[in-house]
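To keep things clear, I will list the structure first and then write my remarks on it.
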Amino acid sequence: TIQAILARLDRLTASRISRQLLGAKGCFSWRDRLARGVTLVDLSNPPSGQSALTGLFGGFLASQLTKALLARPVDESTLPLWTVIDEVHELLSSRVGEGLGRLLALVRHRKVGVWLLYQDAVQLERRAPDLLPLLQANARHLLAFRGSPSNLKWMAPFLPPPTLHGGTRHGAPPSRSAAGEQEQERRLLASMAAMPSRVALYVDRASGRPGAFVA
């Protein structure tokens, strides 16, 4: 209804900063920024009570960035470009997640590397269900720090094989049964919840080797 639309517009225009952004005379262009070196976009610390603006404007900027990167002209002289999105789960909607998934699948041909950083895989999966499988399929480097088993379960395919991380409590060789390997996987994921803060599971998928714990 018109009343519902007006209510949403009121939320959007309640902040002075958002009104300034919406009423700006010029428009931010990622195509121009990508040609000028380093660009830093800081969406942290939104006005009190206006945290939704981070997702709104961040999602818009992420969508426009995806389009600009996929349209980037490339030739032999084109330099590599790195894009880092921190706290990516804060920006996600299903539409933004779909765009990022497409970016991960296609952007390597544009000499672009993408780093996506997030703290909560469960929230990431809830907001963009298809993004984690696309990360598994397309990411070359994966790095997982301490977290709960529910947040780390998607890293299970990349864990070191059971034969490399110990036997039973009494020193017997690890079980090779499916149930035994699942139990060892469960224990390893649970142990990652207690890892020191500077230890991580690192996976280089191009190497063809399982992950390794690094400090």
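Convention: chains lettered A, B, ... in structure tokens order; per-chain residue numbering from 1; ligands numbered from 1 as shown.
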Per DSSP on the backbone, filter segment 60-91 of chain A down to the residues in alpha helix (DSSP H) and report them as a PDB file with N, CA and C atoms, in the first residue's frame.
ATOM      1  N   PHE A  60      23.705  -1.669  -1.801  1.00  0.00           N
ATOM      2  CA  PHE A  60      23.681  -0.942  -3.072  1.00  0.00           C
ATOM      3  C   PHE A  60      25.095  -0.788  -3.634  1.00  0.00           C
ATOM      4  N   LEU A  61      26.054  -0.397  -2.772  1.00  0.00           N
ATOM      5  CA  LEU A  61      27.432  -0.220  -3.227  1.00  0.00           C
ATOM      6  C   LEU A  61      28.026  -1.547  -3.684  1.00  0.00           C
ATOM      7  N   ALA A  62      27.718  -2.646  -2.957  1.00  0.00           N
ATOM      8  CA  ALA A  62      28.240  -3.953  -3.347  1.00  0.00           C
ATOM      9  C   ALA A  62      27.690  -4.382  -4.705  1.00  0.00           C
ATOM     10  N   SER A  63      26.408  -4.117  -4.947  1.00  0.00           N
ATOM     11  CA  SER A  63      25.816  -4.470  -6.239  1.00  0.00           C
ATOM     12  C   SER A  63      26.448  -3.687  -7.377  1.00  0.00           C
ATOM     13  N   GLN A  64      26.668  -2.388  -7.151  1.00  0.00           N
ATOM     14  CA  GLN A  64      27.298  -1.562  -8.175  1.00  0.00           C
ATOM     15  C   GLN A  64      28.756  -1.958  -8.395  1.00  0.00           C
ATOM     16  N   LEU A  65      29.437  -2.347  -7.315  1.00  0.00           N
ATOM     17  CA  LEU A  65      30.824  -2.796  -7.439  1.00  0.00           C
ATOM     18  C   LEU A  65      30.897  -4.070  -8.279  1.00  0.00           C
ATOM     19  N   THR A  66      29.980  -4.991  -8.041  1.00  0.00           N
ATOM     20  CA  THR A  66      29.949  -6.232  -8.813  1.00  0.00           C
ATOM     21  C   THR A  66      29.810  -5.940 -10.308  1.00  0.00           C
ATOM     22  N   LYS A  67      28.898  -5.049 -10.653  1.00  0.00           N
ATOM     23  CA  LYS A  67      28.700  -4.699 -12.064  1.00  0.00           C
ATOM     24  C   LYS A  67      29.956  -4.062 -12.653  1.00  0.00           C
ATOM     25  N   ALA A  68      30.596  -3.172 -11.884  1.00  0.00           N
ATOM     26  CA  ALA A  68      31.785  -2.485 -12.394  1.00  0.00           C
ATOM     27  C   ALA A  68      32.952  -3.455 -12.592  1.00  0.00           C
ATOM     28  N   LEU A  69      33.127  -4.397 -11.667  1.00  0.00           N
ATOM     29  CA  LEU A  69      34.227  -5.351 -11.790  1.00  0.00           C
ATOM     30  C   LEU A  69      34.022  -6.282 -12.979  1.00  0.00           C
ATOM     31  N   LEU A  70      32.797  -6.741 -13.181  1.00  0.00           N
ATOM     32  CA  LEU A  70      32.528  -7.652 -14.299  1.00  0.00           C
ATOM     33  C   LEU A  70      32.596  -6.942 -15.649  1.00  0.00           C
TER      34      LEU A  70
END
Can you pull out the residues contacting segment 83-86 of chain A? Cut-off 6 Å, using only C-alpha atoms, and skip same-chain residues under 6 positions away; I want them as a PyMOL selection string. chain A and resi 114-117
Limited to N, CA and C atoms, could you put the picked residues into a file as an mmCIF file, in the first residue's frame?
data_model
loop_
_atom_site.group_PDB
_atom_site.id
_atom_site.type_symbol
_atom_site.label_atom_id
_atom_site.label_comp_id
_atom_site.auth_asym_id
_atom_site.auth_seq_id
_atom_site.Cartn_x
_atom_site.Cartn_y
_atom_site.Cartn_z
ATOM 1 N N VAL A 114 39.185 -11.325 -5.082
ATOM 2 C CA VAL A 114 38.169 -10.903 -4.117
ATOM 3 C C VAL A 114 38.407 -11.629 -2.786
ATOM 4 N N TRP A 115 38.461 -10.848 -1.709
ATOM 5 C CA TRP A 115 38.521 -11.390 -0.355
ATOM 6 C C TRP A 115 37.213 -11.048 0.347
ATOM 7 N N LEU A 116 36.506 -12.060 0.823
ATOM 8 C CA LEU A 116 35.288 -11.856 1.604
ATOM 9 C C LEU A 116 35.566 -12.272 3.046
ATOM 10 N N LEU A 117 35.359 -11.354 3.984
ATOM 11 C CA LEU A 117 35.619 -11.620 5.396
ATOM 12 C C LEU A 117 34.313 -11.539 6.169
#
Would you pick out the contacts of Thr78 of chain A at 12 Å or less, using only C-alpha atoms, so that residues sharing its chain but fewer than 2 positions from it are not included, and give the list as a VMD selection string? chain A and resid 34 to 35 72 to 76 80 to 81 109 to 112
Residues just named, written with N, CA and C atoms as a PDB file, in the first residue's frame:
ATOM      1  N   LEU A  34      37.822   2.607  -9.562  1.00  0.00           N
ATOM      2  CA  LEU A  34      38.693   1.462  -9.815  1.00  0.00           C
ATOM      3  C   LEU A  34      39.925   1.849 -10.613  1.00  0.00           C
ATOM      4  N   ALA A  35      39.849   2.953 -11.325  1.00  0.00           N
ATOM      5  CA  ALA A  35      40.989   3.396 -12.134  1.00  0.00           C
ATOM      6  C   ALA A  35      41.912   4.335 -11.367  1.00  0.00           C
ATOM      7  N   ARG A  72      34.878  -4.558 -16.194  1.00  0.00           N
ATOM      8  CA  ARG A  72      36.214  -3.962 -16.248  1.00  0.00           C
ATOM      9  C   ARG A  72      36.928  -4.347 -17.546  1.00  0.00           C
ATOM     10  N   PRO A  73      37.386  -3.359 -18.306  1.00  0.00           N
ATOM     11  CA  PRO A  73      38.127  -3.679 -19.537  1.00  0.00           C
ATOM     12  C   PRO A  73      39.495  -4.262 -19.196  1.00  0.00           C
ATOM     13  N   VAL A  74      39.890  -5.304 -19.886  1.00  0.00           N
ATOM     14  CA  VAL A  74      41.143  -6.004 -19.592  1.00  0.00           C
ATOM     15  C   VAL A  74      41.929  -6.221 -20.874  1.00  0.00           C
ATOM     16  N   ASP A  75      43.239  -5.916 -20.808  1.00  0.00           N
ATOM     17  CA  ASP A  75      44.161  -6.273 -21.884  1.00  0.00           C
ATOM     18  C   ASP A  75      45.487  -6.678 -21.247  1.00  0.00           C
ATOM     19  N   GLU A  76      46.524  -6.833 -22.042  1.00  0.00           N
ATOM     20  CA  GLU A  76      47.801  -7.320 -21.523  1.00  0.00           C
ATOM     21  C   GLU A  76      48.428  -6.369 -20.513  1.00  0.00           C
ATOM     22  N   PRO A  80      46.569  -6.229 -11.955  1.00  0.00           N
ATOM     23  CA  PRO A  80      45.634  -6.946 -11.069  1.00  0.00           C
ATOM     24  C   PRO A  80      44.991  -5.979 -10.073  1.00  0.00           C
ATOM     25  N   LEU A  81      43.794  -6.293  -9.670  1.00  0.00           N
ATOM     26  CA  LEU A  81      43.048  -5.455  -8.732  1.00  0.00           C
ATOM     27  C   LEU A  81      42.505  -6.343  -7.619  1.00  0.00           C
ATOM     28  N   HIS A 109      38.603 -13.716 -14.661  1.00  0.00           N
ATOM     29  CA  HIS A 109      38.964 -13.381 -16.039  1.00  0.00           C
ATOM     30  C   HIS A 109      39.131 -11.869 -16.233  1.00  0.00           C
ATOM     31  N   ARG A 110      38.827 -11.095 -15.186  1.00  0.00           N
ATOM     32  CA  ARG A 110      39.007  -9.641 -15.238  1.00  0.00           C
ATOM     33  C   ARG A 110      40.219  -9.206 -14.434  1.00  0.00           C
ATOM     34  N   LYS A 111      41.095 -10.147 -14.109  1.00  0.00           N
ATOM     35  CA  LYS A 111      42.305  -9.878 -13.308  1.00  0.00           C
ATOM     36  C   LYS A 111      41.947  -9.245 -11.964  1.00  0.00           C
ATOM     37  N   VAL A 112      40.923  -9.783 -11.347  1.00  0.00           N
ATOM     38  CA  VAL A 112      40.444  -9.273 -10.063  1.00  0.00           C
ATOM     39  C   VAL A 112      40.469 -10.399  -9.037  1.00  0.00           C
TER      40      VAL A 112
END
Between atom CA of Leu142 of chain A and atom CA of Arg186 of chain A, what is the distance in Å, rounded to a tenth? 19.4 Å
Near-Tyr202 of chain A list (12 Å; only C-alpha atoms; drop same-chain fewer than 2 positions) as a compact mmCIF listing (two decimals) with N, CA and C atoms, in the first residue's frame:
# COMPACT_ATOMS: atom_id res chain seq x y z
N ARG A 140 39.99 -19.86 -3.96
CA ARG A 140 41.26 -20.60 -3.94
C ARG A 140 41.79 -20.71 -2.53
N HIS A 141 41.73 -19.62 -1.77
CA HIS A 141 42.27 -19.61 -0.42
C HIS A 141 41.13 -19.51 0.59
N LEU A 142 41.12 -20.39 1.57
CA LEU A 142 40.14 -20.38 2.65
C LEU A 142 40.88 -20.31 3.97
N LEU A 143 40.39 -19.47 4.88
CA LEU A 143 41.03 -19.29 6.18
C LEU A 143 39.93 -19.21 7.23
N ALA A 144 39.99 -20.11 8.20
CA ALA A 144 38.96 -20.16 9.24
C ALA A 144 39.63 -20.08 10.61
N PHE A 145 39.22 -19.08 11.39
CA PHE A 145 39.73 -18.91 12.75
C PHE A 145 38.76 -19.57 13.74
N MET A 155 33.56 -25.96 6.55
CA MET A 155 34.97 -26.22 6.27
C MET A 155 35.31 -27.70 6.41
N PHE A 158 37.48 -29.74 4.02
CA PHE A 158 38.87 -29.35 3.85
C PHE A 158 39.74 -29.69 5.07
N LEU A 159 39.16 -30.38 6.07
CA LEU A 159 39.91 -30.74 7.25
C LEU A 159 41.01 -31.74 6.91
N PRO A 160 42.12 -31.72 7.68
CA PRO A 160 43.14 -32.76 7.49
C PRO A 160 42.49 -34.13 7.66
N ARG A 198 45.17 -16.69 17.28
CA ARG A 198 46.03 -16.47 16.11
C ARG A 198 46.31 -17.75 15.32
N VAL A 199 45.59 -18.81 15.62
CA VAL A 199 45.71 -20.07 14.88
C VAL A 199 44.51 -20.20 13.95
N ALA A 200 44.74 -20.69 12.74
CA ALA A 200 43.65 -20.81 11.76
C ALA A 200 43.83 -22.07 10.92
N ASP A 204 44.67 -24.09 0.67
CA ASP A 204 44.98 -23.63 -0.68
C ASP A 204 44.41 -24.68 -1.63
N ARG A 205 43.25 -24.41 -2.18
CA ARG A 205 42.54 -25.41 -2.96
C ARG A 205 43.26 -25.76 -4.25
N SER A 207 46.33 -26.37 -4.53
CA SER A 207 47.39 -27.33 -4.23
C SER A 207 46.90 -28.78 -4.28
N ARG A 209 45.81 -30.32 -1.77
CA ARG A 209 46.07 -30.94 -0.47
C ARG A 209 45.00 -30.49 0.54
N PRO A 210 44.78 -31.27 1.59
CA PRO A 210 43.82 -30.85 2.62
C PRO A 210 44.33 -29.66 3.39
N GLY A 211 43.47 -29.07 4.20
CA GLY A 211 43.86 -27.90 4.98
C GLY A 211 44.92 -28.22 6.03
N ALA A 212 45.54 -27.17 6.53
CA ALA A 212 46.55 -27.30 7.58
C ALA A 212 46.35 -26.18 8.59
N PHE A 213 46.70 -26.47 9.83
CA PHE A 213 46.59 -25.44 10.87
C PHE A 213 47.86 -24.61 10.87
N VAL A 214 47.69 -23.28 10.83
CA VAL A 214 48.83 -22.36 10.76
C VAL A 214 48.69 -21.32 11.86
N ALA A 215 49.81 -20.75 12.25
CA ALA A 215 49.83 -19.71 13.28
C ALA A 215 50.52 -18.47 12.75
All residues 10 Å or closer to Leu134 of chain A, only C-alpha atoms, same chain fewer than 6 positions away omitted, as a PyMOL selection string: chain A and resi 98+100-105
Any chance you could list, as a tab-separated table (two decimals) with C-alpha atoms, in the first residue's frame, the residues in chain A that come up strand (DSSP E or B) when DSSP is run on the backbone?
chain	number	residue	atom	x	y	z
A	81	LEU	CA	43.05	-5.46	-8.73
A	82	TRP	CA	42.14	-6.63	-5.23
A	83	THR	CA	38.75	-6.13	-3.63
A	84	VAL	CA	38.29	-6.72	0.10
A	85	ILE	CA	34.81	-6.72	1.69
A	112	VAL	CA	40.44	-9.27	-10.06
A	113	GLY	CA	40.94	-11.01	-6.73
A	114	VAL	CA	38.17	-10.90	-4.12
A	115	TRP	CA	38.52	-11.39	-0.36
A	116	LEU	CA	35.29	-11.86	1.60
A	141	HIS	CA	42.27	-19.61	-0.42
A	142	LEU	CA	40.14	-20.38	2.65
A	143	LEU	CA	41.03	-19.29	6.18
A	144	ALA	CA	38.96	-20.16	9.24
A	200	ALA	CA	43.65	-20.81	11.76
A	201	LEU	CA	42.79	-23.61	9.37
A	202	TYR	CA	44.27	-22.63	6.00
A	203	VAL	CA	43.33	-24.24	2.69
A	204	ASP	CA	44.98	-23.63	-0.68
A	212	ALA	CA	46.55	-27.30	7.58
A	213	PHE	CA	46.59	-25.44	10.87
A	214	VAL	CA	48.83	-22.36	10.76
